[in-house]
Each structure stands twice: as C-alpha cells, then as structure tokens.
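**Q** This is protein_12.cif (mmCIF, C-alpha atoms).
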data_run
#
loop_
_atom_site.label_atom_id
_atom_site.label_comp_id
_atom_site.auth_asym_id
_atom_site.auth_seq_id
_atom_site.Cartn_x
_atom_site.Cartn_y
_atom_site.Cartn_z
CA MET X 1 181.04 -29.95 61.22
CA GLU X 2 179.30 -30.39 57.88
CA THR X 3 181.39 -31.42 54.89
CA SER X 4 179.96 -28.62 52.76
CA VAL X 5 181.07 -26.05 55.33
CA VAL X 6 184.62 -27.44 55.42
CA VAL X 7 184.85 -27.52 51.61
CA GLY X 8 183.59 -23.96 51.38
CA PHE X 9 186.12 -22.86 53.97
CA VAL X 10 189.00 -24.56 52.13
CA VAL X 11 188.06 -22.81 48.88
CA ALA X 12 187.76 -19.44 50.62
CA VAL X 13 191.09 -19.85 52.40
CA PHE X 14 192.85 -20.80 49.17
CA LEU X 15 191.54 -17.70 47.42
CA VAL X 16 192.64 -15.54 50.35
CA SER X 17 196.07 -17.18 50.46
CA VAL X 18 196.92 -16.64 46.79
CA VAL X 19 196.19 -12.92 46.97
CA PRO X 20 199.49 -11.11 47.75
CA GLY X 21 199.50 -9.57 51.20
CA PRO X 22 201.97 -8.52 53.91
CA ASP X 23 202.80 -12.11 54.89
CA MET X 24 203.48 -13.18 51.32
CA LEU X 25 205.61 -10.09 50.69
CA PHE X 26 207.64 -10.90 53.80
CA VAL X 27 208.19 -14.46 52.57
CA VAL X 28 209.21 -13.22 49.11
CA ALA X 29 211.61 -10.69 50.63
CA ASN X 30 213.33 -13.35 52.73
CA ALA X 31 213.53 -15.74 49.78
CA ALA X 32 215.03 -12.94 47.71
CA VAL X 33 217.83 -12.18 50.16
CA GLY X 34 218.36 -15.63 51.68
CA GLY X 35 217.33 -18.14 49.02
CA ARG X 36 214.70 -20.86 48.92
CA ARG X 37 215.42 -22.29 52.36
CA ALA X 38 215.06 -18.91 54.03
CA GLY X 39 211.79 -18.32 52.20
CA VAL X 40 210.31 -21.66 53.24
CA VAL X 41 211.45 -21.11 56.83
CA ALA X 42 209.80 -17.67 56.75
CA ALA X 43 206.60 -19.33 55.52
CA ALA X 44 206.81 -21.78 58.43
CA GLY X 45 207.24 -18.86 60.81
CA MET X 46 204.15 -17.20 59.38
CA SER X 47 202.18 -20.42 59.90
CA THR X 48 203.38 -20.55 63.50
CA GLY X 49 202.08 -17.04 64.02
CA LEU X 50 198.74 -18.08 62.53
CA ALA X 51 198.60 -21.00 64.96
CA VAL X 52 199.08 -18.64 67.89
CA HIS X 53 196.43 -16.27 66.50
CA THR X 54 194.03 -19.20 66.17
CA VAL X 55 194.47 -20.32 69.76
CA ALA X 56 194.30 -16.75 71.08
CA ALA X 57 191.17 -15.95 69.12
CA ALA X 58 189.54 -19.21 70.13
CA LEU X 59 190.23 -18.45 73.80
CA GLY X 60 188.71 -14.98 73.68
CA LEU X 61 191.16 -12.43 72.25
CA GLY X 62 188.24 -10.84 70.45
CA ALA X 63 186.57 -9.95 73.75
CA LEU X 64 189.78 -8.30 74.96
CA ILE X 65 190.10 -6.15 71.85
CA GLN X 66 186.45 -5.11 72.02
CA ALA X 67 186.81 -4.20 75.70
CA ALA X 68 190.12 -2.35 75.22
CA PRO X 69 190.49 -1.01 71.64
CA GLN X 70 193.82 0.60 72.56
CA VAL X 71 195.34 -2.88 72.66
CA LEU X 72 195.01 -3.04 68.87
CA ASN X 73 196.90 0.23 68.44
CA GLY X 74 199.65 -1.13 70.65
CA VAL X 75 199.96 -4.15 68.37
CA ARG X 76 200.10 -1.89 65.32
CA ILE X 77 202.86 0.26 66.81
CA ALA X 78 204.93 -2.80 67.75
CA GLY X 79 204.49 -4.31 64.30
CA ALA X 80 205.48 -1.11 62.49
CA ALA X 81 208.57 -0.67 64.68
CA PHE X 82 209.66 -4.26 64.09
CA LEU X 83 209.31 -4.00 60.32
CA LEU X 84 211.30 -0.76 60.31
CA TYR X 85 214.02 -2.60 62.21
CA LEU X 86 214.07 -5.29 59.52
CA ALA X 87 214.27 -2.60 56.83
CA TYR X 88 217.26 -1.04 58.61
CA LEU X 89 219.11 -4.36 58.94
CA THR X 90 218.57 -5.23 55.28
CA TRP X 91 219.61 -1.77 54.06
CA ARG X 92 222.72 -1.89 56.25
CA ALA X 93 223.61 -5.28 54.78
CA SER X 94 223.41 -3.79 51.27
CA ARG X 95 225.93 -1.09 52.18
CA GLN X 96 228.41 -3.70 53.38
CA HIS X 97 228.69 -5.11 49.84
CA VAL X 98 229.80 -1.84 48.22
CA GLY X 99 233.15 -2.36 46.47
CA GLU X 100 232.99 -6.16 46.42
CA PRO X 101 234.18 -7.88 43.20
CA GLU X 102 231.50 -8.61 40.63
CA ASP X 103 232.55 -12.17 39.86
CA VAL X 104 230.81 -13.89 42.78
CA PRO X 105 231.20 -17.66 42.19
CA ASP X 106 228.55 -18.93 44.59
CA VAL X 107 225.20 -17.71 45.75
CA PRO X 108 225.84 -16.01 49.10
CA ASP X 109 223.59 -15.90 52.14
CA VAL X 110 222.21 -12.39 52.08
CA PRO X 111 221.97 -10.93 54.64
CA GLN X 112 223.92 -13.04 57.13
CA ARG X 113 220.93 -14.37 59.06
CA THR X 114 220.46 -17.84 60.48
CA LEU X 115 217.40 -19.86 59.53
CA ARG X 116 216.41 -19.91 63.19
CA LYS X 117 216.46 -16.11 63.32
CA THR X 118 214.49 -15.93 60.09
CA TYR X 119 211.87 -18.24 61.59
CA VAL X 120 211.59 -16.19 64.79
CA MET X 121 211.39 -12.92 62.86
CA ALA X 122 208.66 -14.28 60.59
CA THR X 123 206.66 -15.53 63.55
CA LEU X 124 206.92 -12.20 65.37
CA THR X 125 206.05 -10.27 62.21
CA ASN X 126 202.87 -12.29 61.78
CA LEU X 127 201.97 -11.94 65.47
CA ALA X 128 202.43 -8.17 65.23
CA ASN X 129 200.03 -7.86 62.30
CA PRO X 130 196.65 -6.77 63.72
CA LYS X 131 194.93 -7.42 60.42
CA VAL X 132 195.48 -11.13 60.94
CA ILE X 133 193.64 -10.86 64.26
CA LEU X 134 190.79 -8.93 62.68
CA PHE X 135 190.63 -11.40 59.80
CA TYR X 136 190.30 -14.33 62.16
CA LEU X 137 187.60 -12.60 64.17
CA ALA X 138 185.61 -11.55 61.09
CA PHE X 139 186.17 -14.43 58.68
CA VAL X 140 186.47 -17.70 60.60
CA PRO X 141 183.30 -17.32 62.74
CA GLN X 142 181.21 -17.29 59.56
CA PHE X 143 181.97 -21.02 59.18
CA ILE X 144 181.24 -22.02 62.78
CA SER X 145 178.04 -24.03 63.24
CA THR X 146 175.68 -23.54 66.14
CA GLY X 147 172.61 -25.33 67.43
CA THR X 148 171.81 -28.85 68.49
CA GLY X 149 174.56 -31.38 67.81
CA ALA X 150 177.16 -28.74 66.86
CA TRP X 151 180.69 -29.11 68.18
CA PRO X 152 181.88 -26.57 70.77
CA ALA X 153 182.72 -23.27 69.11
CA THR X 154 186.26 -23.32 70.49
CA VAL X 155 186.90 -26.75 68.96
CA GLN X 156 185.50 -25.64 65.60
CA PHE X 157 187.64 -22.51 65.71
CA LEU X 158 190.78 -24.55 66.33
CA ILE X 159 189.94 -27.00 63.52
CA LEU X 160 189.25 -24.21 61.03
CA GLY X 161 192.50 -22.51 62.07
CA ALA X 162 194.40 -25.74 61.43
CA ILE X 163 192.80 -26.01 58.00
CA PHE X 164 193.78 -22.42 57.28
CA ILE X 165 197.41 -23.24 58.03
CA LEU X 166 197.37 -26.51 56.05
CA VAL X 167 196.09 -24.63 53.01
CA GLY X 168 198.08 -21.42 53.42
CA PHE X 169 201.52 -22.85 54.16
CA PRO X 170 201.89 -24.76 50.84
CA VAL X 171 200.92 -21.57 48.99
CA ASP X 172 203.52 -19.45 50.81
CA ALA X 173 206.16 -22.19 50.54
CA SER X 174 205.58 -22.47 46.78
CA VAL X 175 205.96 -18.72 46.40
CA ALA X 176 209.17 -18.89 48.45
CA LEU X 177 210.60 -21.65 46.25
CA LEU X 178 209.76 -19.73 43.10
CA ALA X 179 211.13 -16.42 44.38
CA GLY X 180 214.26 -18.03 45.80
CA GLY X 181 214.95 -19.95 42.60
CA LEU X 182 214.63 -16.91 40.39
CA THR X 183 216.64 -14.72 42.73
CA SER X 184 219.53 -17.17 43.01
CA LYS X 185 220.18 -16.78 39.29
CA PHE X 186 220.37 -13.00 39.60
CA LEU X 187 222.59 -13.18 42.67
CA ARG X 188 225.25 -14.91 40.61
CA ALA X 189 225.51 -11.78 38.49
CA GLY X 190 227.59 -10.06 41.19
CA SER X 191 227.51 -7.74 44.15
CA THR X 192 225.75 -4.89 42.31
CA VAL X 193 222.62 -6.96 41.67
CA ARG X 194 222.93 -8.40 45.16
CA ARG X 195 223.02 -4.92 46.67
CA ARG X 196 220.02 -3.75 44.66
CA LEU X 197 217.96 -6.75 45.70
CA GLU X 198 218.71 -6.06 49.34
CA ARG X 199 217.60 -2.45 48.98
CA VAL X 200 214.39 -3.47 47.26
CA CYS X 201 213.66 -5.84 50.14
CA ALA X 202 214.41 -3.09 52.65
CA GLY X 203 211.88 -0.96 50.80
CA ILE X 204 209.30 -3.74 51.06
CA PHE X 205 209.79 -3.96 54.83
CA ALA X 206 209.54 -0.18 55.20
CA ALA X 207 206.38 -0.08 53.06
CA LEU X 208 204.77 -2.74 55.23
CA ALA X 209 205.66 -0.73 58.33
CA ALA X 210 204.08 2.38 56.80
CA ARG X 211 200.96 0.39 55.97
CA LEU X 212 200.60 -0.68 59.60
CA ALA X 213 201.32 2.83 60.85
CA THR X 214 198.51 4.32 58.77
CA ASP X 215 196.04 2.08 60.61
CA ILE X 216 196.92 3.64 63.99
CA HIS X 217 194.23 5.98 65.24
#
Before anything else, please render the file you have as structure tokens.
**A**
Amino acid sequence: METSVVVGFVVAVFLVSVVPGPDMLFVVANAAVGGRRAGVVAAAGMSTGLAVHTVAAALGLGALIQAAPQVLNGVRIAGAAFLLYLAYLTWRASRQHVGEPEDVPDVPDVPQRTLRKTYVMATLTNLANPKVILFYLAFVPQFISTGTGAWPATVQFLILGAIFILVGFPVDASVALLAGGLTSKFLRAGSTVRRRLERVCAGIFAALAARLATDIH
C-alpha cells in the first residue's frame, strides 16, 4: 500500500470520526449516565463492532447484501428494537430516583449497569447499525489498490479497517472522558438533575431507534 493512500485514509477517517453520529451519541449517553469509565468502555465496544464489520465486509458481506437486500432491513429492525430497549431501561431507571434526597454525596452509577454489560451493549448497537456496513462498503474500497504488485484486497481491507479503529477509538474515548467529566459535576447536584440526565439519554436512544426505523423500506 502506498504511503500517500494511507495518509489520505487517516485524514478522511479522522474527519469522519469527529462528526457526531449515532455511535458518538451512544458513547456520550453512556458517559452521561455512567461516568467516564462507562463512556470509554462504550467506545471500546463500538470499536469491537467496527472490527467485526471490517472482517465481515472483507470476507464478502457486501455480496450477501446485494444478493438479498431484505437482510439489510432485518438488521435495521433489530437495531431499532435494541435501541428502544435501551431507551426503556434508562427511562425506567430515572423513575426509580423519584423522591430521593437531593444531597447526594458521591457520584452514583446511573443506571446500575456493569461495565461488561455496557461493553456488550455498545458492541451490539454498532453491529446492528446498517449504516456502518454501508459506509464500509462505500468508503473503504476507494482506498484499496489494484494492479500489479498490489496486496490482496482482503488484506488491504483488514489493514484499512484496523487504521479506522486506531483513529476512531481515541476520538470516541476523548469525547467520553469529556462528557463523563462534565456530567459528574452535575450529578453531584442531586437526584433531580440525575433523573433529568437519564431521561435525556433515554430520548437519545429513542431518537436513534427512530432514525434507523425510517430507513426501513
């Protein structure tokens, strides 16, 4: 692979990564309700999903989607349903804090979700996002070289996918650290602010589900 191609890909991936999208919103939502660690773990889960997408696309997922377009709608339906489930859990957690005292001394874990569960949920959310699949199929191949002396396309695809993750994860992790740090200050204000943050996050999850649902046809 030519150095100029790799550099161009890194620049393009960085620009794509800093633009807020569903993955970044998911990371921010988890950082808001669970703190910095939860946000970084969510970012790691997203990167894991990207790794799976990379391998799947490199091994021919594109051919499957082109041969059976209904597969894509199935992915959209599953993704929308999963995000609605997350919205329900977060909204339910907000109702559990009604009537709690306002003088909360420490930053709580909101909602009560283990880091392992956060990681799994982030990975599944990314895997259920068909736009990630379409992005890989439309964007990455533009940087694959062909002709005499070129590496196998599958190898190039895997390398470019790894670069995408190495560039994208630090961006998402930085956003998680920032969002978690700012949110932790507000969480100390008491259960009212805590409850409102949870409901905002539930709204984010529901909006993402609606966005996926509108793509079903």
**Q** Using only C-alpha atoms for the distances, tell me which of X:Ala150, X:Val13, X:Ala56, X:Ala87 is nearest to X:Val200.
**A** X:Ala87
**Q** Taking the file as shown, find all residues satisfying the PyMOL selection byres ((chain X and resi 125) around 10) and write them as a PyMOL selection string.
**A** chain X and resi 22-23+26+42+45-46+49+78-80+82-83+86+119-124+126-129
**Q** Tell me, in Å to one decimal, how far atom CA of X:Gly181 is from atom CA of X:Ala31.
**A**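 Result for atom CA of X:Gly181 versus atom CA of X:Ala31: 8.4 Å, one decimal.
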**Q** Starting from the displayed file, determine the output of the PyMOL selection byres ((chain X and resi 143) around 10) and express the residue list as number ranges by chain.
**A** X: 1-2, 5-6, 8-9, 139-142, 144-146, 156-157, 160
**Q** Could the residues in this selection be saved with C-alpha atoms as a CSV table (one decimal), in the frame of the given file?
**A**
chain,number,residue,atom,x,y,z
X,1,MET,CA,181.0,-30.0,61.2
X,2,GLU,CA,179.3,-30.4,57.9
X,5,VAL,CA,181.1,-26.0,55.3
X,6,VAL,CA,184.6,-27.4,55.4
X,8,GLY,CA,183.6,-24.0,51.4
X,9,PHE,CA,186.1,-22.9,54.0
X,139,PHE,CA,186.2,-14.4,58.7
X,140,VAL,CA,186.5,-17.7,60.6
X,141,PRO,CA,183.3,-17.3,62.7
X,142,GLN,CA,181.2,-17.3,59.6
X,144,ILE,CA,181.2,-22.0,62.8
X,145,SER,CA,178.0,-24.0,63.2
X,146,THR,CA,175.7,-23.5,66.1
X,156,GLN,CA,185.5,-25.6,65.6
X,157,PHE,CA,187.6,-22.5,65.7
X,160,LEU,CA,189.2,-24.2,61.0
**Q** I want to know what sits within 12 Å of X:Val40, based on only C-alpha atoms, with residues of the same chain fewer than 6 positions away left out; could you give that as a VMD selection string?
**A** chain X and resid 24 26 to 32 34 46 to 47 115 to 116 118 to 119 122 169 to 181
**Q** Any idea what the distance is between atom CA of X:Ala81 and atom CA of X:Ala207?
**A**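 A separation of 11.8 Å between them.
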**Q** Put the listed atoms of stretch 147-157 of chain X in a box along x, y and z with 8 Å added on every side and give me the centre and edge lengths in Å to one decimal, as lines of an AutoDock Vina configuration file.
**A**
center_x = 179.7
center_y = -26.9
center_z = 68.2
size_x = 31.8
size_y = 24.9
size_z = 21.2
**Q** Just checking: using all atoms listed in the file, which residue out of X:Ala93, X:Tyr136, X:Leu25, X:Ala210 ends up closest to X:Gly39?
**A**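 So, comparing all the options, the nearest one is X:Leu25.
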**Q** Tell me which protein, DNA and RNA residues are within 8 Å of X:Ile165, counting only C-alpha atoms, leaving out same-chain ones fewer than 3 positions away, and put them as a PyMOL selection string.
**A** chain X and resi 47+50-51+161-162+168-169
**Q** Using atom CA of X:Phe164 and atom CA of X:Val11 as the two end points, give the distance in Å to one decimal.
**A**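 Value for the atom CA of X:Phe164-atom CA of X:Val11 distance: 10.2 Å.
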**Q** Which is closest to X:Phe14 among X:Ser94, X:Thr154, X:Ala44, X:Ile163, if we use only C-alpha atoms?
**A** X:Ile163
**Q** Restricting the calculation to only C-alpha atoms: of X:Ala57, X:Val155, X:Ile204, X:Val7, which residue gets closest to X:Gly21?
**A**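 The shortest atom-to-atom distance to X:Gly21 comes from X:Ile204.
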**Q** Would you please work out which residue, of X:Val18, X:Ala202, X:Thr114, X:Leu59, is nearest to X:Gly35 when using all atoms listed in the file?
**A**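 Checking each of X:Val18, X:Ala202, X:Thr114, X:Leu59 against X:Gly35, counting all atoms listed in the file, the winner is X:Thr114.
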**Q** Using all atoms listed in the file, can you tell me which of X:Val33, X:Ala213, X:Ala206, X:Ala153 comes closest to X:Ala58?
**A** X:Ala153
